[in-house]
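Peer 1: Quick one: the structure is below, questions incoming.
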Amino acid sequence: MGSMRRVVVVGGGAASVAAVETLRREGYDGSLTLLCGEPILPYDRPPLSKQVLTGTWDRGRTRLRERKDYSDLGVRLLHARARGLDPGRRTVHLDGGSGLEYDGLVIATGVRPRRLPGASRPTGGVHVLRDRPDATELRTAFEAGGRVVIVGAGFLGMEVAAAARGMGLDVTVVEPLAHPMLRQVGPEVGAAVAGLHRDRGTNLRLGAGVGRILDEDGRVAAVELSDGTVLPADCVLVSIGAEPEVGWLEGSGLPLGDGVECDEFCRAAPGIYAAGDVASWPNPRYGLRMRLEHRMNATEQGTAAARNLLHGDVKPFSPLPYFWTDQYDVKIQAHGVLPADAEVTFEEGTVADGRFVAAYRTGGRLMGVLGWNAPKLVLPFRKLLLEQKAAR
């Protein structure tokens, strides 16, 4: 790609850092700008709901690289937000009206937390958790003690519930579905997650939606459920999922559906690639379009997008998805995909053992595997998944 002298990477997370490192490692020697929307160095997000929240890590430990590493790579770190994109003129528009011209672009702007419908005005004590300032505010609220209500029982909600219980707080989790983490792990493992949390004293209100947040003088006082139950609350975390950060791309002509819609090479348009939580692409391993909010995927896809941008669509991105979550003394790890309609069998151990491997099959085909405190026992199943022929 001799004509490529200016590359811009938009986003301040793991996918962006992987992209700039890959470009340099693979021989790109032109100008390289990393556009980071926050005023601090790019950092890792998974520890925010665990080690940073409980105070076992100071915030500095979340930095992905030190400032010197970027200058050593010849990367210009620009702390500004992208406000628009003009692919015709190959320009990223910034806050304040200036523009950044590029020959190659990697979009890795991630996701933003969903808010409760109807929550138009900010109420003190109602939090979301996405970035480092969010984690700092939530930690301060937890240190003040009191009753915590978590709305949403996905990974994030349950990790925060575990952290809060570990700090001795009174915790209630509200979730409209029948099990925590149902969409991520299915009912069998979801029931095991519920048991784990109940054993540790977390109050679960499953099958219950939130009607509204009640406040007194601008501060949260309680959460009213759709069935009329009122849960007193000093601190509320809203963790009802996230949506791709694509508002700045409206009107750019890029295909935006569930995120930036790419082809199997992570390409959204000529010279424009996307990676990480914001990118949707057809994974040839499954013949399915997917968008993954997984930490490992950010690095793998940032690397793949940079390679394809630099060398010209050399290899389709067909990863075996991997995610993990840590709650109390349990580490859950999953490889592959865990479809909602899968048949789940316990291949090793049982829920009662506190250690098991669950296999997820659809139409007899192994789709994914989940280990509960069983990192070694999962590996043979991961190998099977990797060796399987692609779906198409």
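Letters A, B, ... mark the chains of the structure tokens in the order given; residue numbers begin at 1 per chain; ligand numbers begin at 1, in order shown.
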Give me every strand (DSSP E or B) residue in segment 89-252 of chain A, going by DSSP on the backbone, as an MDAnalysis selection string.

Peer 2: chainID A and resid 91:94 99:101 104:107 111:113 124 126:127 147:151 170:175 203:206 210:216 219:225 230:232 235:238 242:244

Peer 1: With only C-alpha atoms as the counted atoms, please give the residues lying no more than 6 Å from segment 249-258 of chain A, apart from itself and same-chain residues fewer than 6 positions off, as a list in words.

Peer 2: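 Once the adjacent positions are removed, what remains is Gly84, Leu85 and Asp86 of chain A.
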
Peer 1: Please produce a file of the residues just selected, as a PDB file, in the first residue's frame, where the atoms kept are N, CA, C and O atoms.

Peer 2:
ATOM      1  N   GLY A  84     -17.658  13.730  12.961  1.00  0.00           N
ATOM      2  CA  GLY A  84     -18.247  13.405  11.665  1.00  0.00           C
ATOM      3  C   GLY A  84     -17.198  12.808  10.755  1.00  0.00           C
ATOM      4  O   GLY A  84     -16.000  12.862  11.043  1.00  0.00           O
ATOM      5  N   LEU A  85     -17.673  12.214   9.652  1.00  0.00           N
ATOM      6  CA  LEU A  85     -16.766  11.582   8.694  1.00  0.00           C
ATOM      7  C   LEU A  85     -17.218  11.917   7.279  1.00  0.00           C
ATOM      8  O   LEU A  85     -18.400  11.790   6.961  1.00  0.00           O
ATOM      9  N   ASP A  86     -16.270  12.359   6.449  1.00  0.00           N
ATOM     10  CA  ASP A  86     -16.538  12.605   5.039  1.00  0.00           C
ATOM     11  C   ASP A  86     -15.635  11.684   4.218  1.00  0.00           C
ATOM     12  O   ASP A  86     -14.482  12.016   3.932  1.00  0.00           O
TER      13      ASP A  86
END

Peer 1: Report the distance between atom CA of Trp324 of chain A and atom CA of Arg63 of chain A in Å, rounded to one decimal place.

Peer 2: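 Atom CA of Arg63 of chain A lies at a distance of 20.0 Å from atom CA of Trp324 of chain A.
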
Peer 1: Any chance you could list, as a PDB file with N, CA and C atoms, in the first residue's frame, the residues in segment 111-327 of chain A that come up alpha helix (DSSP H) when DSSP is run on the backbone?

Peer 2:
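And here's result-v1.pdb as it stands now:
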ATOM      1  N   ARG A 132     -13.641   5.303  32.951  1.00  0.00           N
ATOM      2  CA  ARG A 132     -12.955   5.385  34.240  1.00  0.00           C
ATOM      3  C   ARG A 132     -13.606   6.361  35.209  1.00  0.00           C
ATOM      4  N   PRO A 133     -14.037   7.545  34.738  1.00  0.00           N
ATOM      5  CA  PRO A 133     -14.763   8.434  35.662  1.00  0.00           C
ATOM      6  C   PRO A 133     -16.015   7.765  36.255  1.00  0.00           C
ATOM      7  N   ASP A 134     -16.720   6.954  35.445  1.00  0.00           N
ATOM      8  CA  ASP A 134     -17.897   6.224  35.964  1.00  0.00           C
ATOM      9  C   ASP A 134     -17.482   5.322  37.127  1.00  0.00           C
ATOM     10  N   ALA A 135     -16.366   4.613  36.946  1.00  0.00           N
ATOM     11  CA  ALA A 135     -15.897   3.666  37.974  1.00  0.00           C
ATOM     12  C   ALA A 135     -15.513   4.411  39.244  1.00  0.00           C
ATOM     13  N   THR A 136     -14.886   5.571  39.082  1.00  0.00           N
ATOM     14  CA  THR A 136     -14.478   6.378  40.240  1.00  0.00           C
ATOM     15  C   THR A 136     -15.706   6.840  41.026  1.00  0.00           C
ATOM     16  N   GLU A 137     -16.719   7.296  40.306  1.00  0.00           N
ATOM     17  CA  GLU A 137     -17.954   7.765  40.972  1.00  0.00           C
ATOM     18  C   GLU A 137     -18.653   6.619  41.696  1.00  0.00           C
ATOM     19  N   LEU A 138     -18.708   5.457  41.033  1.00  0.00           N
ATOM     20  CA  LEU A 138     -19.400   4.314  41.625  1.00  0.00           C
ATOM     21  C   LEU A 138     -18.644   3.822  42.863  1.00  0.00           C
ATOM     22  N   ARG A 139     -17.317   3.813  42.783  1.00  0.00           N
ATOM     23  CA  ARG A 139     -16.500   3.400  43.937  1.00  0.00           C
ATOM     24  C   ARG A 139     -16.755   4.334  45.129  1.00  0.00           C
ATOM     25  N   THR A 140     -16.823   5.636  44.869  1.00  0.00           N
ATOM     26  CA  THR A 140     -17.102   6.613  45.928  1.00  0.00           C
ATOM     27  C   THR A 140     -18.465   6.333  46.561  1.00  0.00           C
ATOM     28  N   ALA A 141     -19.454   6.028  45.703  1.00  0.00           N
ATOM     29  CA  ALA A 141     -20.801   5.722  46.211  1.00  0.00           C
ATOM     30  C   ALA A 141     -20.775   4.456  47.063  1.00  0.00           C
ATOM     31  N   PHE A 142     -20.027   3.439  46.625  1.00  0.00           N
ATOM     32  CA  PHE A 142     -19.946   2.192  47.386  1.00  0.00           C
ATOM     33  C   PHE A 142     -19.259   2.418  48.735  1.00  0.00           C
ATOM     34  N   GLU A 143     -18.255   3.266  48.753  1.00  0.00           N
ATOM     35  CA  GLU A 143     -17.545   3.527  50.015  1.00  0.00           C
ATOM     36  C   GLU A 143     -18.453   4.232  51.020  1.00  0.00           C
ATOM     37  N   PHE A 155     -23.466  -9.564  32.248  1.00  0.00           N
ATOM     38  CA  PHE A 155     -22.134  -9.722  32.853  1.00  0.00           C
ATOM     39  C   PHE A 155     -21.813  -8.568  33.782  1.00  0.00           C
ATOM     40  N   LEU A 156     -21.977  -7.356  33.267  1.00  0.00           N
ATOM     41  CA  LEU A 156     -21.549  -6.173  34.011  1.00  0.00           C
ATOM     42  C   LEU A 156     -22.314  -6.057  35.322  1.00  0.00           C
ATOM     43  N   GLY A 157     -23.646  -6.195  35.247  1.00  0.00           N
ATOM     44  CA  GLY A 157     -24.466  -6.088  36.455  1.00  0.00           C
ATOM     45  C   GLY A 157     -24.060  -7.112  37.507  1.00  0.00           C
ATOM     46  N   MET A 158     -23.805  -8.347  37.071  1.00  0.00           N
ATOM     47  CA  MET A 158     -23.476  -9.405  38.032  1.00  0.00           C
ATOM     48  C   MET A 158     -22.048  -9.250  38.578  1.00  0.00           C
ATOM     49  N   GLU A 159     -21.120  -8.756  37.746  1.00  0.00           N
ATOM     50  CA  GLU A 159     -19.767  -8.489  38.253  1.00  0.00           C
ATOM     51  C   GLU A 159     -19.793  -7.391  39.315  1.00  0.00           C
ATOM     52  N   VAL A 160     -20.586  -6.349  39.051  1.00  0.00           N
ATOM     53  CA  VAL A 160     -20.681  -5.249  40.020  1.00  0.00           C
ATOM     54  C   VAL A 160     -21.388  -5.717  41.292  1.00  0.00           C
ATOM     55  N   ALA A 161     -22.404  -6.568  41.135  1.00  0.00           N
ATOM     56  CA  ALA A 161     -23.091  -7.118  42.313  1.00  0.00           C
ATOM     57  C   ALA A 161     -22.096  -7.875  43.194  1.00  0.00           C
ATOM     58  N   ALA A 162     -21.236  -8.681  42.557  1.00  0.00           N
ATOM     59  CA  ALA A 162     -20.229  -9.445  43.305  1.00  0.00           C
ATOM     60  C   ALA A 162     -19.257  -8.505  44.011  1.00  0.00           C
ATOM     61  N   ALA A 163     -18.825  -7.452  43.306  1.00  0.00           N
ATOM     62  CA  ALA A 163     -17.893  -6.486  43.905  1.00  0.00           C
ATOM     63  C   ALA A 163     -18.544  -5.794  45.104  1.00  0.00           C
ATOM     64  N   ALA A 164     -19.806  -5.392  44.937  1.00  0.00           N
ATOM     65  CA  ALA A 164     -20.511  -4.671  46.010  1.00  0.00           C
ATOM     66  C   ALA A 164     -20.745  -5.568  47.222  1.00  0.00           C
ATOM     67  N   ARG A 165     -21.105  -6.834  46.977  1.00  0.00           N
ATOM     68  CA  ARG A 165     -21.282  -7.768  48.100  1.00  0.00           C
ATOM     69  C   ARG A 165     -19.961  -8.000  48.812  1.00  0.00           C
ATOM     70  N   GLY A 166     -18.885  -8.062  48.028  1.00  0.00           N
ATOM     71  CA  GLY A 166     -17.553  -8.227  48.614  1.00  0.00           C
ATOM     72  C   GLY A 166     -17.182  -7.061  49.512  1.00  0.00           C
ATOM     73  N   LEU A 182     -29.041 -14.548  31.088  1.00  0.00           N
ATOM     74  CA  LEU A 182     -29.774 -15.519  30.255  1.00  0.00           C
ATOM     75  C   LEU A 182     -29.359 -15.430  28.783  1.00  0.00           C
ATOM     76  N   ARG A 183     -29.271 -14.196  28.268  1.00  0.00           N
ATOM     77  CA  ARG A 183     -28.932 -14.036  26.845  1.00  0.00           C
ATOM     78  C   ARG A 183     -27.504 -14.476  26.547  1.00  0.00           C
ATOM     79  N   GLN A 184     -26.640 -14.374  27.548  1.00  0.00           N
ATOM     80  CA  GLN A 184     -25.240 -14.720  27.319  1.00  0.00           C
ATOM     81  C   GLN A 184     -24.953 -16.205  27.498  1.00  0.00           C
ATOM     82  N   VAL A 185     -25.585 -16.849  28.493  1.00  0.00           N
ATOM     83  CA  VAL A 185     -25.197 -18.233  28.825  1.00  0.00           C
ATOM     84  C   VAL A 185     -26.344 -19.236  28.824  1.00  0.00           C
ATOM     85  N   GLY A 186     -27.594 -18.764  28.628  1.00  0.00           N
ATOM     86  CA  GLY A 186     -28.730 -19.694  28.608  1.00  0.00           C
ATOM     87  C   GLY A 186     -29.239 -20.016  30.004  1.00  0.00           C
ATOM     88  N   PRO A 187     -30.385 -20.725  30.089  1.00  0.00           N
ATOM     89  CA  PRO A 187     -31.048 -20.933  31.378  1.00  0.00           C
ATOM     90  C   PRO A 187     -30.299 -21.844  32.348  1.00  0.00           C
ATOM     91  N   GLU A 188     -29.631 -22.898  31.843  1.00  0.00           N
ATOM     92  CA  GLU A 188     -28.994 -23.851  32.775  1.00  0.00           C
ATOM     93  C   GLU A 188     -27.880 -23.175  33.562  1.00  0.00           C
ATOM     94  N   VAL A 189     -26.986 -22.486  32.845  1.00  0.00           N
ATOM     95  CA  VAL A 189     -25.874 -21.813  33.537  1.00  0.00           C
ATOM     96  C   VAL A 189     -26.382 -20.538  34.231  1.00  0.00           C
ATOM     97  N   GLY A 190     -27.392 -19.890  33.631  1.00  0.00           N
ATOM     98  CA  GLY A 190     -27.997 -18.721  34.273  1.00  0.00           C
ATOM     99  C   GLY A 190     -28.526 -19.046  35.665  1.00  0.00           C
ATOM    100  N   ALA A 191     -29.132 -20.223  35.801  1.00  0.00           N
ATOM    101  CA  ALA A 191     -29.637 -20.658  37.113  1.00  0.00           C
ATOM    102  C   ALA A 191     -28.483 -20.851  38.097  1.00  0.00           C
ATOM    103  N   ALA A 192     -27.342 -21.350  37.604  1.00  0.00           N
ATOM    104  CA  ALA A 192     -26.165 -21.525  38.468  1.00  0.00           C
ATOM    105  C   ALA A 192     -25.628 -20.164  38.921  1.00  0.00           C
ATOM    106  N   VAL A 193     -25.671 -19.165  38.035  1.00  0.00           N
ATOM    107  CA  VAL A 193     -25.236 -17.800  38.389  1.00  0.00           C
ATOM    108  C   VAL A 193     -26.154 -17.250  39.483  1.00  0.00           C
ATOM    109  N   ALA A 194     -27.459 -17.486  39.330  1.00  0.00           N
ATOM    110  CA  ALA A 194     -28.419 -17.016  40.345  1.00  0.00           C
ATOM    111  C   ALA A 194     -28.104 -17.652  41.699  1.00  0.00           C
ATOM    112  N   GLY A 195     -27.836 -18.958  41.695  1.00  0.00           N
ATOM    113  CA  GLY A 195     -27.510 -19.662  42.940  1.00  0.00           C
ATOM    114  C   GLY A 195     -26.257 -19.113  43.596  1.00  0.00           C
ATOM    115  N   LEU A 196     -25.233 -18.860  42.782  1.00  0.00           N
ATOM    116  CA  LEU A 196     -23.974 -18.302  43.293  1.00  0.00           C
ATOM    117  C   LEU A 196     -24.225 -16.979  44.017  1.00  0.00           C
ATOM    118  N   HIS A 197     -25.016 -16.120  43.396  1.00  0.00           N
ATOM    119  CA  HIS A 197     -25.259 -14.798  43.988  1.00  0.00           C
ATOM    120  C   HIS A 197     -26.166 -14.878  45.214  1.00  0.00           C
ATOM    121  N   ARG A 198     -27.180 -15.741  45.140  1.00  0.00           N
ATOM    122  CA  ARG A 198     -28.065 -15.864  46.316  1.00  0.00           C
ATOM    123  C   ARG A 198     -27.287 -16.395  47.514  1.00  0.00           C
ATOM    124  N   ASP A 199     -26.391 -17.363  47.265  1.00  0.00           N
ATOM    125  CA  ASP A 199     -25.571 -17.916  48.358  1.00  0.00           C
ATOM    126  C   ASP A 199     -24.726 -16.837  49.021  1.00  0.00           C
ATOM    127  N   ARG A 295     -13.507  -8.578  25.366  1.00  0.00           N
ATOM    128  CA  ARG A 295     -12.192  -7.961  25.473  1.00  0.00           C
ATOM    129  C   ARG A 295     -11.182  -8.574  24.500  1.00  0.00           C
ATOM    130  N   MET A 296     -11.154  -9.914  24.386  1.00  0.00           N
ATOM    131  CA  MET A 296     -10.183 -10.557  23.506  1.00  0.00           C
ATOM    132  C   MET A 296     -10.453 -10.183  22.050  1.00  0.00           C
ATOM    133  N   ASN A 297     -11.734 -10.059  21.703  1.00  0.00           N
ATOM    134  CA  ASN A 297     -12.076  -9.733  20.323  1.00  0.00           C
ATOM    135  C   ASN A 297     -11.553  -8.361  19.931  1.00  0.00           C
ATOM    136  N   ALA A 298     -11.540  -7.421  20.873  1.00  0.00           N
ATOM    137  CA  ALA A 298     -11.057  -6.072  20.558  1.00  0.00           C
ATOM    138  C   ALA A 298      -9.623  -6.141  20.029  1.00  0.00           C
ATOM    139  N   THR A 299      -8.760  -6.867  20.731  1.00  0.00           N
ATOM    140  CA  THR A 299      -7.361  -6.981  20.308  1.00  0.00           C
ATOM    141  C   THR A 299      -7.241  -7.753  18.997  1.00  0.00           C
ATOM    142  N   GLU A 300      -7.952  -8.884  18.895  1.00  0.00           N
ATOM    143  CA  GLU A 300      -7.848  -9.708  17.686  1.00  0.00           C
ATOM    144  C   GLU A 300      -8.379  -8.969  16.458  1.00  0.00           C
ATOM    145  N   GLN A 301      -9.486  -8.266  16.628  1.00  0.00           N
ATOM    146  CA  GLN A 301     -10.086  -7.593  15.474  1.00  0.00           C
ATOM    147  C   GLN A 301      -9.321  -6.320  15.113  1.00  0.00           C
ATOM    148  N   GLY A 302      -8.800  -5.622  16.126  1.00  0.00           N
ATOM    149  CA  GLY A 302      -7.953  -4.456  15.852  1.00  0.00           C
ATOM    150  C   GLY A 302      -6.739  -4.858  15.030  1.00  0.00           C
ATOM    151  N   THR A 303      -6.165  -6.012  15.365  1.00  0.00           N
ATOM    152  CA  THR A 303      -5.007  -6.551  14.644  1.00  0.00           C
ATOM    153  C   THR A 303      -5.395  -6.929  13.214  1.00  0.00           C
ATOM    154  N   ALA A 304      -6.521  -7.658  13.065  1.00  0.00           N
ATOM    155  CA  ALA A 304      -6.972  -8.119  11.741  1.00  0.00           C
ATOM    156  C   ALA A 304      -7.331  -6.942  10.839  1.00  0.00           C
ATOM    157  N   ALA A 305      -8.028  -5.944  11.380  1.00  0.00           N
ATOM    158  CA  ALA A 305      -8.439  -4.783  10.573  1.00  0.00           C
ATOM    159  C   ALA A 305      -7.206  -4.021  10.088  1.00  0.00           C
ATOM    160  N   ALA A 306      -6.202  -3.845  10.968  1.00  0.00           N
ATOM    161  CA  ALA A 306      -4.989  -3.116  10.590  1.00  0.00           C
ATOM    162  C   ALA A 306      -4.239  -3.857   9.487  1.00  0.00           C
ATOM    163  N   ARG A 307      -4.155  -5.177   9.613  1.00  0.00           N
ATOM    164  CA  ARG A 307      -3.463  -5.991   8.588  1.00  0.00           C
ATOM    165  C   ARG A 307      -4.151  -5.871   7.239  1.00  0.00           C
ATOM    166  N   ASN A 308      -5.466  -5.991   7.251  1.00  0.00           N
ATOM    167  CA  ASN A 308      -6.203  -5.943   5.984  1.00  0.00           C
ATOM    168  C   ASN A 308      -6.145  -4.549   5.365  1.00  0.00           C
ATOM    169  N   LEU A 309      -6.148  -3.516   6.205  1.00  0.00           N
ATOM    170  CA  LEU A 309      -5.994  -2.148   5.703  1.00  0.00           C
ATOM    171  C   LEU A 309      -4.618  -1.980   5.049  1.00  0.00           C
ATOM    172  N   LEU A 310      -3.599  -2.488   5.708  1.00  0.00           N
ATOM    173  CA  LEU A 310      -2.219  -2.280   5.260  1.00  0.00           C
ATOM    174  C   LEU A 310      -1.873  -3.109   4.024  1.00  0.00           C
ATOM    175  N   HIS A 311      -2.274  -4.383   4.040  1.00  0.00           N
ATOM    176  CA  HIS A 311      -1.817  -5.307   2.993  1.00  0.00           C
ATOM    177  C   HIS A 311      -2.888  -5.589   1.936  1.00  0.00           C
TER     178      HIS A 311
END

Peer 1: Please provide as number ranges by chain all residues within 8 Å of Thr345 of chain A, with the sequence filter that same-chain residues fewer than 4 positions apart are discarded (counting only C-alpha atoms).

Peer 2: A: 358-360

Peer 1: Take the residues just selected and output them with C-alpha atoms as a JSON list (two decimals), in the first residue's frame.

Peer 2:
[["chain", "number", "residue", "atom", "x", "y", "z"],
["A", 358, "ALA", "CA", -21.19, -27.22, 29.72],
["A", 359, "ALA", "CA", -21.36, -27.93, 25.98],
["A", 360, "TYR", "CA", -23.77, -26.02, 23.71]]

Peer 1: Kindly indicate which residue among A:Ala19, A:Ile40, A:Leu129, A:Leu214 lies nearest to Leu53 of chain A, using only C-alpha atoms for the distances.

Peer 2: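 The shortest atom-to-atom distance to Leu53 of chain A comes from A:Leu129.
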
Peer 1: Just the residues within 6 Å of segment 274-290 of chain A, please, counting only C-alpha atoms, with nothing from its chain fewer than 4 positions along; format it as a PyMOL selection string.

Peer 2: chain A and resi 15+106-108+110+244+259-264+266+298+301-302+318+390-391

Peer 1: One decimal, in Å: what's the spacing between atom CA of Gly241 of chain A and atom CA of Gly154 of chain A?

Peer 2: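 Distance between the two atoms: 7.6 Å.
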